[in-house]
Amino acid sequence: MLTTEQAWDVLARVADPEIPVISVTELGIVREVRAQGPAVEVVVTPTYSGCPATEAIGRSIAAALREAGAADVRIETRLAPPWSTDWIAPQAKEKLRRFGIAPPGAAAAAVAAQTIGFVPRVDCPLCGSGNTERLSAFGATACKALYRCRDCREPFEHFKPL
Amino acid sequence: MSTVTATSASAAQLDYVLRIGDSALILGQRLSEWCGHGPVIEEDIALTNTALDLIGQARLLLTHAATLEGKGRDEDALAFLRAEHAYRNLTICELPNGDFGRTVLRNLLFAAWQMQLWPALAGSTDAQLAAIAGKSVKESRYHLQHAADWTVRLGDGTEVSHARMQRALDDLWPYTAEFFAATATDEQAQAAGIGPALSSLAAGWEQAVLPVLERATLKVPARTPFLSHGKEGRHSEHMGHLLAEMQYLQRAFPGAKW
């Protein structure tokens, strides 16, 4: 049996399958945890509609809670309000940077952006230079874009504001 | 009498959700054809990521449609086991990709329409549809930016790329009339507070699309009486071929999973 607080602690150690340096709670997708007796209910908000990691995340959450002693784990998907990169914890953004992924800026900037020729300024997570260029609006996953640093010449990924 | 009204109202709601879901599904299928065929790897990835978003939207919408229908079917049964006339996608979504320029131009026209539709669904009396719309608008915004960038680059590019883009625009433009042409289903959905008056989306769509086409030095074709009817289940000759590919696995190996 787990208390709600213990269940949160367990989830804080469940890593995102794509970006293993941050946990699902730091990613901001766990909206609610309710522990009652042997049952734990977790409310999860998906990041992107088509993100293939969503199902893997659900499985890892259930497995971790069961291992910690929850007999009955239920995962509920909640769409509204939609997930935003603003919900990523500040310390997790720093972890992203150290992992080599330029963290997202404020989501409001993406909403206000003009349709044509919008390329947000992103600092290189490796050398810190602002002299970077976007190679592609999409990266290895839907949530990222591909950039290159013109100073240290290294390619890197940028977690897009959403 | 009241029973009949209730039945037809819920049938209209189901039909309405299918139209939005099938449009995302079928364009997602078309874009996934680019997987491994993009002109450069970055654009291969961009188009397939867009496909992934659209198929994700389709999964949510078809799951919702299956619930509304209440006949025990799920998203997969709706996606893979319907006959051609039961699909309710806009015809523009099923047209062949053509070259890369034509593909991104269609993405521009479609994403700009989605960008009008999603906010208009935010206050829908169908709470699940509103939630899906609130999530999808964030994704469609990136699709629109990507498509607009390439439309300008290729339209205002070389003589050859400009000519190809103009030809693509001339071909695709007539199909955009279907975005704004209301049928009985659209009118019933509007009356029930589920969706907006489709004609009210036209001005915002033009405000998004026309400046891009102008920057791309493309000439906007005149409107003609042509109207496609994919959302009523009357499809182009391309739809059967698309479904033959998309449904192959489930037809050959019913119930196959991995």
# chains A, B, ... in the order shown; residues from 1 in each chain; ligands from 1
call {"tool": "closest_atom_pairs", "arguments": {"of": "chain A", "to": "chain B", "cutoff": "10 Å", "atoms": "only C-alpha atoms", "output": "CSV"}}
result
residue,atom,partner,partner_atom,distance
A:Pro46,CA,B:Lys135,CA,9.2
A:Thr47,CA,B:Lys135,CA,8.8
A:Tyr48,CA,B:Asp53,CA,7.0
A:Ser49,CA,B:Gly56,CA,4.4
A:Gly50,CA,B:Gly56,CA,3.6
A:Cys51,CA,B:Gly56,CA,7.3
A:Pro52,CA,B:Leu52,CA,8.7
A:Arg78,CA,B:Ala131,CA,8.8
A:Leu79,CA,B:Ala131,CA,5.7
A:Ala80,CA,B:Ala131,CA,5.1
A:Pro81,CA,B:Ala131,CA,7.2
A:Pro82,CA,B:Lys135,CA,5.0
A:Trp83,CA,B:Lys135,CA,7.5
A:Ser84,CA,B:Lys138,CA,9.0
A:Ala107,CA,B:Lys138,CA,9.6
A:Ala110,CA,B:Arg141,CA,8.5
A:Val111,CA,B:Arg141,CA,7.9
A:Ala113,CA,B:Gln145,CA,9.1
A:Gln114,CA,B:Gln145,CA,8.1
A:Thr115,CA,B:Gln145,CA,5.0
A:Ile116,CA,B:Asp149,CA,5.5
A:Gly117,CA,B:Asp149,CA,6.0
A:Phe118,CA,B:Gln145,CA,7.4
A:Val119,CA,B:Gln145,CA,9.6
A:Leu135,CA,B:Glu42,CA,7.4
A:Ser136,CA,B:Glu42,CA,5.7
A:Ala137,CA,B:His146,CA,6.7
A:Phe138,CA,B:Ala46,CA,5.0
A:Gly139,CA,B:Ile45,CA,6.8
A:Ala140,CA,B:Ile45,CA,7.1
A:Thr141,CA,B:Asn49,CA,7.1
A:Ala142,CA,B:Asn49,CA,5.4
A:Cys143,CA,B:Asn49,CA,9.1
A:Ala145,CA,B:Ala46,CA,9.1
A:Leu146,CA,B:Glu42,CA,8.3
A:Lys160,CA,B:Tyr142,CA,9.5
A:Pro161,CA,B:Lys138,CA,9.5
A:Leu162,CA,B:Lys138,CA,6.2
call {"tool": "residues_around", "arguments": {"residues": "stretch 83-87 of chain B", "least_positions_apart": "4", "cutoff": "12 Å", "atoms": "only C-alpha atoms", "output": "MDAnalysis selection string"}}
result
chainID B and resid 14:26 62 77:79 91 93:94 229:244 246:247 251
call {"tool": "residues_around", "arguments": {"residues": "B:Gln207", "least_positions_apart": "6", "cutoff": "12 Å", "atoms": "only C-alpha atoms", "output": "compact mmCIF listing (two decimals) with N, CA and C atoms, in the first residue's frame"}}
result
# COMPACT_ATOMS: atom_id res chain seq x y z
N THR A 115 3.71 33.52 -39.11
CA THR A 115 3.69 32.25 -39.82
C THR A 115 4.93 32.03 -40.68
N LEU B 109 -2.52 24.68 -47.05
CA LEU B 109 -3.96 24.91 -47.18
C LEU B 109 -4.73 24.19 -46.07
N ALA B 112 -3.81 25.55 -42.37
CA ALA B 112 -4.44 26.86 -42.15
C ALA B 112 -5.93 26.67 -41.83
N TRP B 113 -6.54 25.66 -42.45
CA TRP B 113 -7.95 25.37 -42.15
C TRP B 113 -8.09 24.81 -40.74
N MET B 115 -6.14 25.38 -38.33
CA MET B 115 -5.85 26.46 -37.40
C MET B 115 -7.06 27.38 -37.20
N GLN B 116 -7.99 27.37 -38.14
CA GLN B 116 -9.25 28.10 -37.94
C GLN B 116 -10.25 27.24 -37.17
N LEU B 201 -15.31 30.49 -41.11
CA LEU B 201 -13.87 30.20 -41.03
C LEU B 201 -13.11 30.74 -42.24
N LEU B 213 0.95 33.10 -49.98
CA LEU B 213 0.96 32.90 -51.43
C LEU B 213 1.53 34.14 -52.13
N GLU B 214 1.23 35.30 -51.58
CA GLU B 214 1.75 36.53 -52.17
C GLU B 214 3.26 36.60 -52.03
call {"tool": "select_by_dssp", "arguments": {"residues": "stretch 37-114 of chain A", "states": "alpha helix (DSSP H)", "output": "PyMOL selection string"}}
result
chain A and resi 53-67+90-99+107-112
call {"tool": "atom_distance", "arguments": {"atom1": "atom CA of B:Pro196", "atom2": "atom CA of B:Phe179"}}
result
12.1 Å
call {"tool": "closest_residue", "arguments": {"among": "A:Ala63, A:Leu27, A:Val73, A:Cys149", "to": "A:Val40", "atoms": "only C-alpha atoms"}}
result
A:Val73
call {"tool": "residues_around", "arguments": {"residues": "stretch 95-98 of chain A", "least_positions_apart": "5", "cutoff": "12 Å", "atoms": "only C-alpha atoms", "output": "ChimeraX atom specification"}}
result
/A:16,18-23,26-27,88-90,103-104,122-128,144,156-159
call {"tool": "write_last_selection", "arguments": {"atoms": "C-alpha atoms", "output": "mmCIF file, in the first residue's frame"}}
result
data_model
loop_
_atom_site.group_PDB
_atom_site.id
_atom_site.type_symbol
_atom_site.label_atom_id
_atom_site.label_comp_id
_atom_site.auth_asym_id
_atom_site.auth_seq_id
_atom_site.Cartn_x
_atom_site.Cartn_y
_atom_site.Cartn_z
ATOM 1 C CA ASP A 16 10.972 9.781 -19.707
ATOM 2 C CA GLU A 18 13.081 9.506 -24.880
ATOM 3 C CA ILE A 19 14.912 11.852 -22.515
ATOM 4 C CA PRO A 20 16.059 9.642 -19.635
ATOM 5 C CA VAL A 21 17.631 12.506 -17.660
ATOM 6 C CA ILE A 22 14.239 13.888 -16.667
ATOM 7 C CA SER A 23 11.373 12.196 -14.870
ATOM 8 C CA GLU A 26 9.530 16.942 -14.045
ATOM 9 C CA LEU A 27 8.110 16.769 -17.551
ATOM 10 C CA ILE A 88 8.477 21.411 -17.431
ATOM 11 C CA ALA A 89 10.140 22.106 -14.093
ATOM 12 C CA PRO A 90 12.929 24.756 -14.156
ATOM 13 C CA PRO A 103 15.321 23.789 -23.506
ATOM 14 C CA PRO A 104 12.081 25.457 -24.652
ATOM 15 C CA VAL A 122 18.122 29.394 -29.435
ATOM 16 C CA ASP A 123 21.405 29.288 -27.518
ATOM 17 C CA CYS A 124 23.766 26.385 -28.112
ATOM 18 C CA PRO A 125 23.483 24.018 -25.115
ATOM 19 C CA LEU A 126 27.125 22.984 -25.568
ATOM 20 C CA CYS A 127 29.051 26.268 -25.803
ATOM 21 C CA GLY A 128 26.349 28.805 -24.934
ATOM 22 C CA LYS A 144 12.189 18.795 -31.066
ATOM 23 C CA PHE A 156 22.027 19.957 -31.364
ATOM 24 C CA GLU A 157 18.333 19.527 -30.703
ATOM 25 C CA HIS A 158 15.936 22.142 -29.389
ATOM 26 C CA PHE A 159 12.847 21.210 -27.384
#
call {"tool": "select_by_dssp", "arguments": {"residues": "chain A", "states": "strand (DSSP E or B)", "output": "MDAnalysis selection string"}}
result
chainID A and resid 15 23 30:36 39:44 72:77 101:102 132:136 144:149 155:159
call {"tool": "write_last_selection", "arguments": {"atoms": "N, CA and C atoms", "output": "tab-separated table (two decimals), in the first residue's frame"}}
result
chain	number	residue	atom	x	y	z
A	15	ALA	N	11.71	7.63	-15.40
A	15	ALA	CA	12.33	8.48	-16.42
A	15	ALA	C	11.48	8.54	-17.70
A	23	SER	N	12.42	13.13	-15.28
A	23	SER	CA	11.37	12.20	-14.87
A	23	SER	C	10.02	12.65	-15.41
A	30	VAL	N	2.29	14.41	-15.25
A	30	VAL	CA	1.47	13.80	-14.20
A	30	VAL	C	0.65	14.90	-13.54
A	31	ARG	N	-0.67	14.85	-13.73
A	31	ARG	CA	-1.52	15.94	-13.27
A	31	ARG	C	-2.09	15.68	-11.89
A	32	GLU	N	-2.29	14.40	-11.56
A	32	GLU	CA	-2.94	14.09	-10.31
A	32	GLU	C	-2.57	12.67	-9.90
A	33	VAL	N	-2.41	12.47	-8.60
A	33	VAL	CA	-2.18	11.11	-8.09
A	33	VAL	C	-3.12	10.91	-6.91
A	34	ARG	N	-3.87	9.81	-6.95
A	34	ARG	CA	-4.79	9.53	-5.84
A	34	ARG	C	-4.56	8.09	-5.38
A	35	ALA	N	-4.08	7.97	-4.13
A	35	ALA	CA	-3.88	6.63	-3.57
A	35	ALA	C	-4.98	6.35	-2.58
A	36	GLN	N	-5.58	5.17	-2.71
A	36	GLN	CA	-6.64	4.80	-1.78
A	36	GLN	C	-6.57	3.30	-1.57
A	39	ALA	N	-5.16	0.72	-4.16
A	39	ALA	CA	-5.29	1.28	-5.51
A	39	ALA	C	-4.61	2.64	-5.64
A	40	VAL	N	-3.96	2.85	-6.79
A	40	VAL	CA	-3.40	4.16	-7.10
A	40	VAL	C	-3.92	4.59	-8.46
A	41	GLU	N	-4.44	5.80	-8.50
A	41	GLU	CA	-4.94	6.33	-9.77
A	41	GLU	C	-4.03	7.47	-10.19
A	42	VAL	N	-3.56	7.43	-11.41
A	42	VAL	CA	-2.66	8.47	-11.90
A	42	VAL	C	-3.29	9.13	-13.12
A	43	VAL	N	-3.37	10.45	-13.09
A	43	VAL	CA	-3.91	11.19	-14.24
A	43	VAL	C	-2.74	11.75	-15.03
A	44	VAL	N	-2.67	11.34	-16.30
A	44	VAL	CA	-1.55	11.73	-17.16
A	44	VAL	C	-2.07	12.55	-18.34
A	72	ASP	N	-3.18	-2.22	-7.39
A	72	ASP	CA	-4.10	-1.89	-8.47
A	72	ASP	C	-3.76	-0.50	-9.00
A	73	VAL	N	-3.22	-0.42	-10.22
A	73	VAL	CA	-2.84	0.88	-10.77
A	73	VAL	C	-3.75	1.22	-11.94
A	74	ARG	N	-4.35	2.39	-11.85
A	74	ARG	CA	-5.18	2.83	-12.97
A	74	ARG	C	-4.62	4.14	-13.53
A	75	ILE	N	-4.53	4.19	-14.85
A	75	ILE	CA	-4.00	5.40	-15.47
A	75	ILE	C	-5.09	6.03	-16.32
A	76	GLU	N	-5.34	7.28	-16.01
A	76	GLU	CA	-6.38	8.00	-16.74
A	76	GLU	C	-5.70	9.06	-17.61
A	77	THR	N	-6.13	9.16	-18.86
A	77	THR	CA	-5.56	10.18	-19.75
A	77	THR	C	-6.47	11.40	-19.75
A	101	ILE	N	20.31	19.18	-25.02
A	101	ILE	CA	19.09	19.63	-25.70
A	101	ILE	C	18.78	21.05	-25.23
A	102	ALA	N	18.69	21.99	-26.18
A	102	ALA	CA	18.35	23.35	-25.81
A	102	ALA	C	16.90	23.38	-25.32
A	132	THR	N	23.44	30.55	-33.72
A	132	THR	CA	23.02	29.21	-34.15
A	132	THR	C	22.06	29.32	-35.33
A	133	GLU	N	21.86	28.23	-36.03
A	133	GLU	CA	20.89	28.23	-37.13
A	133	GLU	C	20.04	26.96	-37.07
A	134	ARG	N	18.79	27.10	-37.56
A	134	ARG	CA	17.90	25.95	-37.55
A	134	ARG	C	18.09	25.15	-38.84
A	135	LEU	N	18.28	23.85	-38.71
A	135	LEU	CA	18.41	22.99	-39.88
A	135	LEU	C	17.06	22.42	-40.29
A	136	SER	N	16.22	22.14	-39.30
A	136	SER	CA	14.91	21.59	-39.61
A	136	SER	C	13.96	21.90	-38.47
A	144	LYS	N	10.91	18.10	-30.95
A	144	LYS	CA	12.19	18.79	-31.07
A	144	LYS	C	12.46	19.32	-32.48
A	145	ALA	N	13.32	20.33	-32.57
A	145	ALA	CA	13.79	20.85	-33.86
A	145	ALA	C	15.30	20.66	-33.90
A	146	LEU	N	15.84	20.64	-35.12
A	146	LEU	CA	17.27	20.38	-35.27
A	146	LEU	C	18.00	21.70	-35.56
A	147	TYR	N	19.03	21.99	-34.78
A	147	TYR	CA	19.82	23.21	-34.94
A	147	TYR	C	21.30	22.87	-35.12
A	148	ARG	N	22.06	23.94	-35.49
A	148	ARG	CA	23.52	23.80	-35.56
A	148	ARG	C	24.13	25.07	-34.99
A	149	CYS	N	25.21	24.90	-34.24
A	149	CYS	CA	25.91	26.07	-33.69
A	149	CYS	C	26.94	26.53	-34.72
A	155	PRO	N	26.03	20.10	-34.04
A	155	PRO	CA	24.57	20.06	-34.17
A	155	PRO	C	23.94	19.79	-32.82
A	156	PHE	N	22.72	20.26	-32.62
A	156	PHE	CA	22.03	19.96	-31.36
A	156	PHE	C	20.53	20.03	-31.59
A	157	GLU	N	19.79	19.50	-30.62
A	157	GLU	CA	18.33	19.53	-30.70
A	157	GLU	C	17.77	20.60	-29.78
A	158	HIS	N	16.63	21.13	-30.19
A	158	HIS	CA	15.94	22.14	-29.39
A	158	HIS	C	14.54	21.61	-29.07
A	159	PHE	N	14.19	21.60	-27.80
A	159	PHE	CA	12.85	21.21	-27.38
A	159	PHE	C	11.94	22.39	-27.69
call {"tool": "atom_distance", "arguments": {"atom1": "atom CA of A:Thr25", "atom2": "atom CA of A:Trp87"}}
result
9.6 Å
call {"tool": "atom_distance", "arguments": {"atom1": "atom CA of B:Thr125", "atom2": "atom CA of B:Gly193"}}
result
5.5 Å
call {"tool": "residues_around", "arguments": {"residues": "A:Pro38", "least_positions_apart": "3", "cutoff": "7 Å", "atoms": "only C-alpha atoms", "output": "list in words"}}
result
Met1, Ala70, Ala71 and Asp72 of chain A
call {"tool": "write_last_selection", "arguments": {"atoms": "C-alpha atoms", "output": "compact mmCIF listing (two decimals), in the first residue's frame"}}
result
# COMPACT_ATOMS: atom_id res chain seq x y z
CA MET A 1 0.00 0.00 0.00
CA ALA A 70 0.47 -0.77 -5.30
CA ALA A 71 -1.78 -3.70 -6.13
CA ASP A 72 -4.10 -1.89 -8.47
call {"tool": "residues_around", "arguments": {"residues": "B:Pro225", "least_positions_apart": "5", "cutoff": "12 Å", "atoms": "only C-alpha atoms", "output": "PyMOL selection string"}}
result
chain B and resi 173-178+181
call {"tool": "write_last_selection", "arguments": {"atoms": "N, CA and C atoms", "output": "PDB file, in the first residue's frame"}}
result
ATOM      1  N   TRP B 173      -6.383  24.341 -55.433  1.00  0.00           N
ATOM      2  CA  TRP B 173      -7.256  25.426 -54.963  1.00  0.00           C
ATOM      3  C   TRP B 173      -8.751  25.076 -55.010  1.00  0.00           C
ATOM      4  N   PRO B 174      -9.248  24.491 -56.114  1.00  0.00           N
ATOM      5  CA  PRO B 174     -10.694  24.200 -56.161  1.00  0.00           C
ATOM      6  C   PRO B 174     -11.167  23.281 -55.028  1.00  0.00           C
ATOM      7  N   TYR B 175     -10.277  22.437 -54.535  1.00  0.00           N
ATOM      8  CA  TYR B 175     -10.678  21.511 -53.468  1.00  0.00           C
ATOM      9  C   TYR B 175     -10.856  22.214 -52.126  1.00  0.00           C
ATOM     10  N   THR B 176     -10.334  23.433 -52.000  1.00  0.00           N
ATOM     11  CA  THR B 176     -10.461  24.144 -50.718  1.00  0.00           C
ATOM     12  C   THR B 176     -11.890  24.651 -50.501  1.00  0.00           C
ATOM     13  N   ALA B 177     -12.701  24.666 -51.574  1.00  0.00           N
ATOM     14  CA  ALA B 177     -14.101  25.100 -51.405  1.00  0.00           C
ATOM     15  C   ALA B 177     -14.835  24.195 -50.415  1.00  0.00           C
ATOM     16  N   GLU B 178     -14.428  22.929 -50.369  1.00  0.00           N
ATOM     17  CA  GLU B 178     -15.099  21.966 -49.481  1.00  0.00           C
ATOM     18  C   GLU B 178     -14.895  22.311 -47.995  1.00  0.00           C
ATOM     19  N   ALA B 181     -17.936  24.689 -47.331  1.00  0.00           N
ATOM     20  CA  ALA B 181     -19.272  24.381 -47.841  1.00  0.00           C
ATOM     21  C   ALA B 181     -20.030  23.535 -46.822  1.00  0.00           C
TER      22      ALA B 181
END
call {"tool": "residues_around", "arguments": {"residues": "A:Ile61", "least_positions_apart": "3", "cutoff": "7 Å", "atoms": "only C-alpha atoms", "output": "ChimeraX atom specification"}}
result
/A:11,14,57-58,64-65
